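The file entry_3.cif contains mmCIF, C-alpha atoms and all ligand atoms:
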data_structure
loop_
_atom_site.label_atom_id
_atom_site.label_comp_id
_atom_site.auth_asym_id
_atom_site.auth_seq_id
_atom_site.Cartn_x
_atom_site.Cartn_y
_atom_site.Cartn_z
CA MET A 1 -28.86 -17.62 5.25
CA VAL A 2 -32.40 -16.29 4.72
CA PHE A 3 -32.99 -14.88 1.24
CA PRO A 4 -35.30 -11.85 1.01
CA ASP A 5 -38.71 -12.62 -0.49
CA ALA A 6 -42.22 -11.17 -0.50
CA ASN A 7 -42.56 -11.88 3.24
CA THR A 8 -39.33 -10.14 4.23
CA GLU A 9 -39.83 -7.44 6.85
CA MET A 10 -37.83 -4.32 6.06
CA ILE A 11 -36.08 -1.97 8.47
CA ALA A 12 -34.12 1.11 7.38
CA ILE A 13 -31.70 3.50 9.00
CA LEU A 14 -32.53 7.00 7.79
CA GLY A 15 -29.70 9.53 7.92
CA HIS A 16 -27.71 11.98 5.84
CA PRO A 17 -24.95 10.99 5.34
CA VAL A 18 -25.38 7.38 6.37
CA ASP A 19 -22.60 5.48 4.62
CA HIS A 20 -20.46 5.40 7.80
CA SER A 21 -23.18 3.65 9.81
CA LEU A 22 -22.38 0.33 11.50
CA SER A 23 -26.07 -0.38 12.12
CA PRO A 24 -26.62 -2.50 8.95
CA ILE A 25 -23.73 -4.78 10.00
CA ILE A 26 -25.00 -5.00 13.59
CA HIS A 27 -28.64 -5.72 12.73
CA ASN A 28 -28.13 -7.98 9.70
CA THR A 29 -25.61 -10.06 11.67
CA ALA A 30 -28.18 -10.56 14.44
CA LEU A 31 -31.10 -11.18 12.05
CA GLN A 32 -29.14 -13.76 10.05
CA ARG A 33 -27.88 -15.45 13.22
CA GLN A 34 -31.45 -15.88 14.43
CA GLY A 35 -32.76 -16.89 10.99
CA LEU A 36 -35.32 -14.05 10.95
CA ASN A 37 -36.81 -12.99 7.63
CA TYR A 38 -35.94 -9.29 7.95
CA ILE A 39 -33.54 -7.06 6.10
CA TYR A 40 -31.94 -3.87 7.41
CA VAL A 41 -30.81 -1.24 4.88
CA ALA A 42 -29.14 2.16 5.07
CA VAL A 43 -31.04 4.96 3.30
CA ASP A 44 -29.42 8.31 2.60
CA LEU A 45 -32.37 10.64 3.12
CA VAL A 46 -32.11 14.34 2.34
CA PRO A 47 -33.88 16.64 4.83
CA GLU A 48 -36.42 17.84 2.23
CA GLN A 49 -37.79 14.29 1.86
CA VAL A 50 -38.19 13.32 5.52
CA SER A 51 -41.99 13.73 5.54
CA GLU A 52 -42.52 11.68 2.39
CA ALA A 53 -40.15 8.94 3.57
CA ILE A 54 -41.78 8.61 6.99
CA ARG A 55 -45.25 8.48 5.45
CA GLY A 56 -43.99 5.78 3.06
CA LEU A 57 -42.75 3.48 5.83
CA SER A 58 -46.21 2.12 6.66
CA ALA A 59 -47.32 2.08 3.02
CA LEU A 60 -44.33 -0.06 2.07
CA GLY A 61 -44.88 -2.43 4.99
CA PHE A 62 -41.70 -1.59 6.90
CA ALA A 63 -41.39 -3.07 10.40
CA GLY A 64 -39.65 0.09 11.52
CA ALA A 65 -36.62 2.31 11.19
CA ASN A 66 -33.70 3.85 12.96
CA VAL A 67 -33.20 7.58 12.61
CA THR A 68 -29.84 9.27 12.81
CA ILE A 69 -28.21 12.66 12.21
CA PRO A 70 -29.71 15.03 11.11
CA HIS A 71 -33.32 13.73 11.29
CA LYS A 72 -33.84 12.76 14.96
CA GLN A 73 -35.86 15.89 15.74
CA ALA A 74 -37.49 16.28 12.31
CA VAL A 75 -39.34 12.95 12.52
CA LEU A 76 -40.97 13.74 15.90
CA SER A 77 -43.99 15.51 14.47
CA HIS A 78 -44.76 12.52 12.21
CA MET A 79 -45.15 10.03 15.06
CA ASP A 80 -48.62 8.86 16.21
CA ASP A 81 -47.25 8.09 19.64
CA LEU A 82 -44.00 8.72 21.53
CA SER A 83 -42.26 7.02 24.43
CA ASP A 84 -41.71 9.19 27.52
CA ALA A 85 -37.99 9.28 26.79
CA ALA A 86 -38.38 10.41 23.16
CA GLY A 87 -40.90 13.03 24.27
CA ALA A 88 -38.63 14.32 27.02
CA ILE A 89 -35.51 14.71 24.92
CA ARG A 90 -37.45 15.68 21.79
CA ALA A 91 -35.58 13.17 19.59
CA VAL A 92 -36.50 9.83 18.01
CA ASN A 93 -33.91 7.23 17.01
CA THR A 94 -36.28 4.26 16.67
CA ILE A 95 -39.60 3.98 14.83
CA VAL A 96 -41.87 0.96 15.20
CA CYS A 97 -44.61 0.58 12.54
CA LYS A 98 -47.66 -1.30 13.77
CA GLU A 99 -51.09 -1.47 12.15
CA GLY A 100 -50.47 1.71 10.21
CA GLN A 101 -49.37 3.63 13.33
CA LEU A 102 -45.87 4.98 13.97
CA TYR A 103 -44.41 4.75 17.47
CA GLY A 104 -41.28 6.82 18.18
CA ASP A 105 -38.79 5.87 20.86
CA ASN A 106 -35.26 6.83 21.82
CA THR A 107 -33.05 3.85 22.66
CA ASP A 108 -29.88 5.98 22.88
CA ILE A 109 -30.76 6.49 26.55
CA GLU A 110 -30.89 2.77 27.31
CA GLY A 111 -27.75 2.20 25.24
CA PHE A 112 -25.92 4.99 27.03
CA LEU A 113 -26.89 3.75 30.50
CA SER A 114 -26.15 0.06 29.89
CA PRO A 115 -22.41 0.04 30.75
CA LEU A 116 -23.11 2.13 33.89
CA ARG A 117 -25.74 -0.26 35.24
CA ASP A 118 -23.63 -1.92 37.94
CA MET A 119 -21.81 1.19 39.09
CA LYS A 120 -22.68 3.06 42.26
CA LEU A 121 -23.17 6.54 40.89
CA HIS A 122 -26.23 7.84 42.70
CA GLY A 123 -25.72 11.47 43.74
CA ALA A 124 -22.17 11.55 42.33
CA PRO A 125 -20.66 14.64 40.69
CA MET A 126 -20.56 14.26 36.89
CA THR A 127 -19.45 16.25 33.86
CA LEU A 128 -20.79 16.07 30.33
CA LEU A 129 -18.71 17.57 27.50
CA GLY A 130 -20.94 18.87 24.69
CA ALA A 131 -24.62 19.79 24.62
CA GLY A 132 -25.93 18.36 21.32
CA GLY A 133 -28.23 15.42 20.59
CA ALA A 134 -26.21 12.68 22.31
CA ALA A 135 -25.69 14.94 25.33
CA ARG A 136 -29.47 15.34 25.67
CA ALA A 137 -29.91 11.54 25.79
CA ALA A 138 -27.03 11.15 28.26
CA ALA A 139 -28.19 14.03 30.50
CA TYR A 140 -31.74 12.70 30.58
CA GLY A 141 -30.57 9.18 31.51
CA LEU A 142 -28.21 10.45 34.21
CA LEU A 143 -30.80 12.81 35.73
CA ARG A 144 -33.56 10.20 35.66
CA ASP A 145 -31.52 7.32 37.11
CA TYR A 146 -28.67 8.84 39.16
CA CYS A 147 -29.70 12.28 40.42
CA PRO A 148 -26.13 13.63 39.94
CA ASN A 149 -24.90 16.36 42.22
CA PRO A 150 -24.00 18.30 40.22
CA LEU A 151 -24.23 17.42 36.53
CA VAL A 152 -22.05 20.01 34.82
CA LEU A 153 -22.66 20.64 31.14
CA VAL A 154 -19.53 21.92 29.38
CA ALA A 155 -20.28 23.61 26.05
CA ARG A 156 -18.52 25.97 23.69
CA ARG A 157 -21.88 27.68 23.14
CA THR A 158 -23.21 27.87 26.68
CA SER A 159 -26.60 29.01 25.34
CA GLN A 160 -27.04 25.48 23.91
CA ALA A 161 -26.40 23.95 27.35
CA GLU A 162 -28.71 26.47 29.02
CA THR A 163 -31.55 25.36 26.73
CA LEU A 164 -30.93 21.80 27.88
CA VAL A 165 -31.05 22.94 31.52
CA ARG A 166 -34.41 24.63 30.93
CA ASP A 167 -35.80 21.52 29.19
CA PHE A 168 -34.82 19.31 32.13
CA ALA A 169 -35.79 21.74 34.91
CA ASN A 170 -38.23 19.24 36.43
CA PHE A 171 -35.47 16.82 37.48
CA ASP A 172 -34.08 16.83 41.01
CA GLY A 173 -30.43 16.63 39.97
CA CYS A 174 -28.51 19.85 40.15
CA LEU A 175 -27.48 21.12 36.69
CA GLU A 176 -24.71 23.63 36.04
CA VAL A 177 -23.29 25.08 32.84
CA CYS A 178 -19.76 26.22 32.04
CA ASP A 179 -17.46 26.71 29.08
CA PHE A 180 -14.37 24.63 28.31
CA ASP A 181 -12.01 27.25 29.81
CA SER A 182 -13.52 26.96 33.29
CA ALA A 183 -14.26 23.21 33.35
CA SER A 184 -11.02 21.92 34.91
CA LYS A 185 -12.18 22.04 38.55
CA PHE A 186 -15.41 20.22 37.68
CA ILE A 187 -13.59 17.52 35.71
CA ARG A 188 -11.17 16.92 38.59
CA ASN A 189 -14.06 16.54 41.06
CA SER A 190 -16.25 14.36 38.86
CA ARG A 191 -16.77 10.67 39.40
CA LEU A 192 -18.08 10.29 35.82
CA ILE A 193 -16.91 12.31 32.81
CA VAL A 194 -18.72 11.80 29.50
CA ASN A 195 -17.59 13.07 26.12
CA SER A 196 -20.56 13.75 23.87
CA THR A 197 -18.69 15.91 21.37
CA PRO A 198 -17.30 14.39 18.15
CA ILE A 199 -13.76 15.50 19.09
CA GLY A 200 -11.33 12.59 18.59
CA MET A 201 -13.53 10.84 16.06
CA TYR A 202 -11.90 9.25 12.99
CA PRO A 203 -10.01 10.68 11.07
CA ASN A 204 -9.06 13.25 13.76
CA VAL A 205 -7.83 10.56 16.12
CA GLN A 206 -5.09 12.67 17.72
CA GLU A 207 -7.63 15.17 19.02
CA THR A 208 -9.19 15.04 22.46
CA PRO A 209 -11.95 17.10 24.08
CA TRP A 210 -9.83 17.30 27.27
CA LYS A 211 -6.10 17.88 26.88
CA GLN A 212 -5.24 18.25 30.61
CA LYS A 213 -4.89 14.58 31.39
CA GLU A 214 -3.60 15.41 34.90
CA ASP A 215 -7.26 16.11 35.74
CA PHE A 216 -8.01 12.36 35.48
CA SER A 217 -7.51 10.00 38.42
CA PRO A 218 -8.13 6.34 39.38
CA GLU A 219 -11.44 7.09 41.17
CA GLN A 220 -12.99 8.28 37.91
CA ILE A 221 -14.89 6.75 35.01
CA VAL A 222 -14.27 8.38 31.64
CA TYR A 223 -16.89 7.50 29.04
CA ASP A 224 -16.41 8.49 25.40
CA LEU A 225 -19.49 8.24 23.16
CA VAL A 226 -17.22 8.30 20.11
CA TYR A 227 -16.82 4.72 18.85
CA ARG A 228 -14.47 5.21 15.91
CA PRO A 229 -11.66 4.67 16.78
CA TYR A 230 -12.48 1.93 19.22
CA ARG A 231 -10.12 3.54 21.79
CA THR A 232 -9.97 7.29 21.46
CA ARG A 233 -7.12 9.48 22.61
CA LEU A 234 -9.32 10.68 25.49
CA LEU A 235 -9.69 7.08 26.72
CA GLN A 236 -5.99 6.38 26.31
CA ASP A 237 -5.09 9.49 28.35
CA ALA A 238 -7.63 8.66 31.05
CA ALA A 239 -6.44 5.04 31.26
CA GLU A 240 -2.85 6.22 31.57
CA ARG A 241 -3.93 8.16 34.67
CA GLY A 242 -5.63 5.05 36.11
CA ALA A 243 -9.26 5.93 35.36
CA MET A 244 -11.80 3.33 34.29
CA THR A 245 -12.76 3.92 30.67
CA ILE A 246 -15.79 3.10 28.57
CA GLY A 247 -15.87 3.40 24.79
CA GLY A 248 -18.86 4.28 22.64
CA LEU A 249 -19.22 0.91 20.92
CA THR A 250 -21.02 -0.61 23.90
CA MET A 251 -23.64 2.15 23.70
CA LEU A 252 -23.94 1.66 19.95
CA ILE A 253 -24.57 -2.07 20.29
CA GLU A 254 -26.91 -1.71 23.28
CA GLN A 255 -29.06 0.99 21.65
CA ALA A 256 -29.28 -1.30 18.61
CA ALA A 257 -30.27 -4.23 20.84
CA ALA A 258 -33.05 -2.15 22.42
CA SER A 259 -34.43 -1.24 18.96
CA TYR A 260 -34.09 -4.82 17.71
CA ARG A 261 -36.14 -6.09 20.66
CA GLN A 262 -39.01 -3.78 19.70
CA TRP A 263 -39.09 -4.86 16.03
CA THR A 264 -38.54 -8.59 16.46
CA ASN A 265 -39.55 -9.40 20.08
CA ARG A 266 -36.18 -11.16 20.32
CA GLU A 267 -33.01 -10.46 22.28
CA MET A 268 -30.15 -9.43 20.01
CA PRO A 269 -27.31 -12.01 20.06
CA VAL A 270 -24.82 -9.39 21.21
CA GLY A 271 -21.91 -11.86 21.42
CA THR A 272 -22.31 -12.76 17.74
CA VAL A 273 -22.47 -9.08 16.82
CA ARG A 274 -19.27 -8.40 18.75
CA ASP A 275 -17.55 -11.37 17.04
CA THR A 276 -18.50 -9.98 13.63
CA LEU A 277 -17.25 -6.49 14.52
CA THR A 278 -14.02 -8.05 15.77
CA LYS A 279 -13.56 -10.05 12.55
CA LEU A 280 -14.08 -6.87 10.56
CA GLY A 281 -11.43 -5.10 12.67
CA ILE A 282 -13.92 -2.60 14.14
CA ILE A 283 -13.31 -3.97 17.64
CA SER A 284 -9.59 -4.30 18.22
CA ILE A 285 -8.38 -6.90 20.66
CA GLY A 286 -5.10 -6.63 22.48
CA ASN A 287 -3.54 -5.31 25.60
CA ASN A 288 -6.04 -3.12 27.44
CA GLU A 289 -8.22 -2.90 24.38
CA GLY A 290 -11.56 -3.81 25.91
CA ASN A 291 -14.42 -1.39 25.34
CA LEU A 292 -15.03 -1.32 29.07
CA PHE A 293 -11.97 -1.80 31.20
CA HIS A 294 -10.03 -0.62 34.22
CA SER A 295 -6.43 0.02 33.53
CA GLY A 296 -5.49 1.12 37.02
CA GLY A 297 -4.34 -2.25 38.34
P1 LIG A 301 -24.34 16.99 17.77
O1 LIG A 301 -25.80 17.01 18.02
O2 LIG A 301 -23.81 17.66 16.56
O3 LIG A 301 -23.64 17.60 19.09
C1 LIG A 301 -22.24 17.73 19.19
C2 LIG A 301 -21.89 18.62 20.38
O4 LIG A 301 -20.47 18.73 20.44
C3 LIG A 301 -22.43 20.05 20.26
O5 LIG A 301 -22.67 20.55 21.54
C4 LIG A 301 -21.24 20.75 19.60
O6 LIG A 301 -21.21 22.14 19.81
C5 LIG A 301 -20.10 20.10 20.34
N1 LIG A 301 -18.84 20.24 19.62
C6 LIG A 301 -18.60 19.83 18.36
N2 LIG A 301 -17.31 20.14 18.03
C7 LIG A 301 -16.79 20.77 19.11
C8 LIG A 301 -15.52 21.33 19.38
N3 LIG A 301 -14.52 21.29 18.48
N4 LIG A 301 -15.31 21.92 20.58
C9 LIG A 301 -16.29 21.95 21.50
N5 LIG A 301 -17.54 21.44 21.31
C10 LIG A 301 -17.77 20.84 20.12
O7 LIG A 301 -23.80 15.48 17.68
P2 LIG A 301 -24.32 14.24 18.54
O8 LIG A 301 -25.37 13.51 17.82
O9 LIG A 301 -24.59 14.73 19.91
O10 LIG A 301 -23.03 13.29 18.51
C11 LIG A 301 -21.86 13.62 19.24
C12 LIG A 301 -20.88 12.45 19.22
O11 LIG A 301 -21.46 11.34 19.90
C13 LIG A 301 -20.54 11.96 17.80
O12 LIG A 301 -19.18 11.63 17.74
C14 LIG A 301 -21.38 10.72 17.64
O13 LIG A 301 -20.78 9.77 16.77
C15 LIG A 301 -21.39 10.18 19.07
N6 LIG A 301 -22.56 9.36 19.34
C16 LIG A 301 -22.33 8.07 19.68
C17 LIG A 301 -23.40 7.24 19.94
C18 LIG A 301 -23.12 5.81 20.34
O14 LIG A 301 -24.04 4.97 20.25
N7 LIG A 301 -21.94 5.51 20.81
C19 LIG A 301 -24.72 7.71 19.83
C20 LIG A 301 -24.91 9.05 19.47
C21 LIG A 301 -23.81 9.87 19.21
P3 LIG A 301 -21.73 23.11 18.61
O15 LIG A 301 -23.21 22.89 18.54
O16 LIG A 301 -21.30 24.43 19.07
O17 LIG A 301 -21.06 22.61 17.37
#
Please re-express this file's structure in structure tokens.
Ligand code: NAP
Amino acid sequence: MVFPDANTEMIAILGHPVDHSLSPIIHNTALQRQGLNYIYVAVDLVPEQVSEAIRGLSALGFAGANVTIPHKQAVLSHMDDLSDAAGAIRAVNTIVCKEGQLYGDNTDIEGFLSPLRDMKLHGAPMTLLGAGGAARAAAYGLLRDYCPNPLVLVARRTSQAETLVRDFANFDGCLEVCDFDSASKFIRNSRLIVNSTPIGMYPNVQETPWKQKEDFSPEQIVYDLVYRPYRTRLLQDAAERGAMTIGGLTMLIEQAAASYRQWTNREMPVGTVRDTLTKLGIISIGNNEGNLFHSGG
């Protein structure tokens, strides 16, 4: 156990609300495991104080910060430099403070892509449910790395998805937009289906963004970005139909690991983090309860 002292490097997650965040558990577990003199705290930051708080990071000697809802766009204009990814999706989830300069990155993309790494998805048809912040990160990652044909964006406000299409017009992948009522044929034909809406998130665990489970089949991968509960109703329905399923906790841990690397120059001990989340009951173990599993066989 390292006790905080005058040399402790501070990292904060800035959000509003932020009390639900698992990031302090993830990062402090890893920092303690590696005996690093850092501390990671959750800060409930109201939108009116974003500018002051970001300016204060360097003054207070913070190593960096994570940024979550609703500040991911608001902090952009305060960065001295941006990664290509953060610039492209116009959202920052990671700030690195170095020599008085603020560097903004977006590790949600790397986190999102990590469980897909070994899958042959190039040129495959894909569907993304939702068109908000997480959808922007997912769409960018899929277009950049997999050139989907097509990538269909399903949104209740199609104007939101059309903005995303305009922002990513320079990618080769073929983007289409539709509403939930006309998405069935795209879902059935998709190799990868991603939920980036909050539907099914605790406490509304009986809800699902896609009720017609007959549209799922064993050739498909269904990926839910929601991580609470560990296995959403969407994943249970898809698994019942033989699809491979991926839960949002892998993305959460991998985006954290990518931020951690930038602050500490160390690899996050992901196994230790998973053990802690298991002990706390956040990861449930049991029959078919893996975060990434194939239930078809
Ligand atoms: P967001 O920016 O608010 O976007 C949510 C999207 O879902 C919007 O397009 C929204 O449409 C749509 N939506 C919400 N309720 C809907 C409903 N009942 N029917 C149809 N569409 C609906 O939120 P976000 O940041 O993208 O986050 C979305 C989800 O991803 C959350 O559950 C979040 O926890 C999860 N997430 C997970 C990770 C991870 O690491 N696993 C990372 C980021 C986000 P409107 O704009 O019309 O409301």
Per residue of segment 13-116 of chain A within 10 Å of segment 156-180 of chain A, what are the shortest atom pair and its distance in Å to one decimal, counting only C-alpha atoms, with rows by chain and residue number, as JSON lines?
{"residue": "A:Ala88", "atom": "CA", "partner": "A:Asp167", "partner_atom": "CA", "distance": 8.0}
{"residue": "A:Ile89", "atom": "CA", "partner": "A:Asp167", "partner_atom": "CA", "distance": 8.0}
{"residue": "A:Arg90", "atom": "CA", "partner": "A:Asp167", "partner_atom": "CA", "distance": 9.6}
Smallest atom-to-atom distance to Leu82 of chain A: which of A:His20, A:Tyr103, A:Leu142, A:Val67, using all atoms listed in the file? A:Tyr103
One residue among A:Gln206, A:Asn265, A:Asn66, A:Gln255 is nearest to ligand LIG 301 (chain A) when using all atoms listed in the file, and that residue is A:Gln255
Residues within 6 Å of ligand LIG 301 (chain A) (only C-alpha atoms and all ligand atoms), as a PyMOL selection string? chain A and resi 130-135+155-157+196-199+201+225-227+248-249+251-252
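Atom to atom, atom CA of Asp44 of chain A and atom CA of Asp19 of chain A stand 7.7 Å apart.
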Using all atoms listed in the file, which residue out of A:Pro229, A:Gly104, A:Gly247, A:Gly271 lies closest to Val194 of chain A? A:Gly247
Separation of atom CA of Thr68 of chain A from atom CA of Glu267 of chain A, in Å and rounded to one decimal: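 According to the coordinates, atom CA of Thr68 of chain A and atom CA of Glu267 of chain A are separated by 22.1 Å.
Counting only C-alpha atoms, the residue from A:Asn195, A:Ser58, A:Ser23, A:Thr8 that sits nearest to Arg233 of chain A is A:Asn195.
From atom CA of Thr107 of chain A back to atom CA of Lys120 of chain A, the distance works out to 22.2 Å.
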Hey, what's within 12 Å of Asp145 of chain A if we count all atoms listed in the file and toss same-chain stuff fewer than 3 positions away? As a PyMOL selection string, please? chain A and resi 109-110+112-114+116-117+119-124+138-142+148+171-173
Since the input lacks atoms, please generate N, CA, C and O atoms for segment 14-39 of chain A and provide them as a short mmCIF file (atom, residue, chain, number, x, y, z; two decimals), in the coordinates of the input.
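Result saved to selection31.cif:
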data_model
loop_
_atom_site.label_atom_id
_atom_site.label_comp_id
_atom_site.auth_asym_id
_atom_site.auth_seq_id
_atom_site.Cartn_x
_atom_site.Cartn_y
_atom_site.Cartn_z
N LEU A 14 -32.35 5.78 8.57
CA LEU A 14 -32.53 7.00 7.79
C LEU A 14 -31.58 8.07 8.32
O LEU A 14 -31.65 8.45 9.49
N GLY A 15 -30.66 8.51 7.49
CA GLY A 15 -29.70 9.53 7.92
C GLY A 15 -29.14 10.23 6.70
O GLY A 15 -29.43 9.87 5.56
N HIS A 16 -28.33 11.26 6.95
CA HIS A 16 -27.71 11.98 5.84
C HIS A 16 -26.47 12.71 6.35
O HIS A 16 -26.63 13.71 7.06
N PRO A 17 -25.27 12.20 6.09
CA PRO A 17 -24.95 10.99 5.34
C PRO A 17 -25.16 9.76 6.22
O PRO A 17 -25.29 9.89 7.43
N VAL A 18 -25.12 8.60 5.60
CA VAL A 18 -25.38 7.38 6.37
C VAL A 18 -24.40 6.26 6.02
O VAL A 18 -24.45 5.19 6.60
N ASP A 19 -23.48 6.56 5.10
CA ASP A 19 -22.60 5.48 4.62
C ASP A 19 -21.63 4.99 5.69
O ASP A 19 -21.10 3.89 5.60
N HIS A 20 -21.40 5.80 6.74
CA HIS A 20 -20.46 5.40 7.80
C HIS A 20 -21.13 4.48 8.83
O HIS A 20 -20.47 3.94 9.71
N SER A 21 -22.45 4.31 8.73
CA SER A 21 -23.18 3.65 9.81
C SER A 21 -22.81 2.17 9.97
O SER A 21 -22.71 1.44 8.99
N LEU A 22 -22.64 1.74 11.22
CA LEU A 22 -22.38 0.33 11.50
C LEU A 22 -23.68 -0.43 11.73
O LEU A 22 -23.68 -1.66 11.87
N SER A 23 -24.81 0.27 11.77
CA SER A 23 -26.07 -0.38 12.12
C SER A 23 -26.46 -1.51 11.16
O SER A 23 -26.94 -2.56 11.61
N PRO A 24 -26.27 -1.37 9.82
CA PRO A 24 -26.62 -2.50 8.95
C PRO A 24 -25.82 -3.75 9.30
O PRO A 24 -26.37 -4.86 9.29
N ILE A 25 -24.54 -3.60 9.63
CA ILE A 25 -23.73 -4.78 10.00
C ILE A 25 -24.27 -5.38 11.29
O ILE A 25 -24.47 -6.59 11.41
N ILE A 26 -24.54 -4.52 12.28
CA ILE A 26 -25.00 -5.00 13.59
C ILE A 26 -26.32 -5.76 13.44
O ILE A 26 -26.48 -6.90 13.88
N HIS A 27 -27.30 -5.12 12.79
CA HIS A 27 -28.64 -5.72 12.73
C HIS A 27 -28.69 -6.93 11.79
O HIS A 27 -29.29 -7.95 12.14
N ASN A 28 -28.06 -6.84 10.62
CA ASN A 28 -28.13 -7.98 9.70
C ASN A 28 -27.39 -9.20 10.26
O ASN A 28 -27.81 -10.34 10.05
N THR A 29 -26.30 -8.95 11.01
CA THR A 29 -25.61 -10.06 11.67
C THR A 29 -26.57 -10.77 12.63
O THR A 29 -26.69 -12.00 12.63
N ALA A 30 -27.27 -9.97 13.44
CA ALA A 30 -28.18 -10.56 14.44
C ALA A 30 -29.36 -11.25 13.76
O ALA A 30 -29.74 -12.36 14.13
N LEU A 31 -29.93 -10.61 12.74
CA LEU A 31 -31.10 -11.18 12.05
C LEU A 31 -30.74 -12.50 11.37
O LEU A 31 -31.49 -13.49 11.45
N GLN A 32 -29.58 -12.52 10.72
CA GLN A 32 -29.14 -13.76 10.05
C GLN A 32 -28.87 -14.85 11.07
O GLN A 32 -29.21 -16.00 10.87
N ARG A 33 -28.22 -14.47 12.17
CA ARG A 33 -27.88 -15.45 13.22
C ARG A 33 -29.14 -16.12 13.75
O ARG A 33 -29.14 -17.31 14.05
N GLN A 34 -30.21 -15.33 13.88
CA GLN A 34 -31.45 -15.88 14.43
C GLN A 34 -32.40 -16.40 13.36
O GLN A 34 -33.52 -16.80 13.67
N GLY A 35 -31.95 -16.35 12.09
CA GLY A 35 -32.76 -16.89 10.99
C GLY A 35 -34.07 -16.14 10.81
O GLY A 35 -35.08 -16.75 10.43
N LEU A 36 -34.08 -14.83 11.07
CA LEU A 36 -35.32 -14.05 10.95
C LEU A 36 -35.42 -13.46 9.55
O LEU A 36 -34.42 -12.99 8.99
N ASN A 37 -36.62 -13.47 8.99
CA ASN A 37 -36.81 -12.99 7.63
C ASN A 37 -37.03 -11.46 7.63
O ASN A 37 -38.13 -10.97 7.36
N TYR A 38 -35.95 -10.75 7.96
CA TYR A 38 -35.94 -9.29 7.95
C TYR A 38 -34.71 -8.86 7.16
O TYR A 38 -33.73 -9.59 7.10
N ILE A 39 -34.75 -7.64 6.67
CA ILE A 39 -33.54 -7.06 6.10
C ILE A 39 -33.42 -5.61 6.56
O ILE A 39 -34.44 -4.92 6.69
#
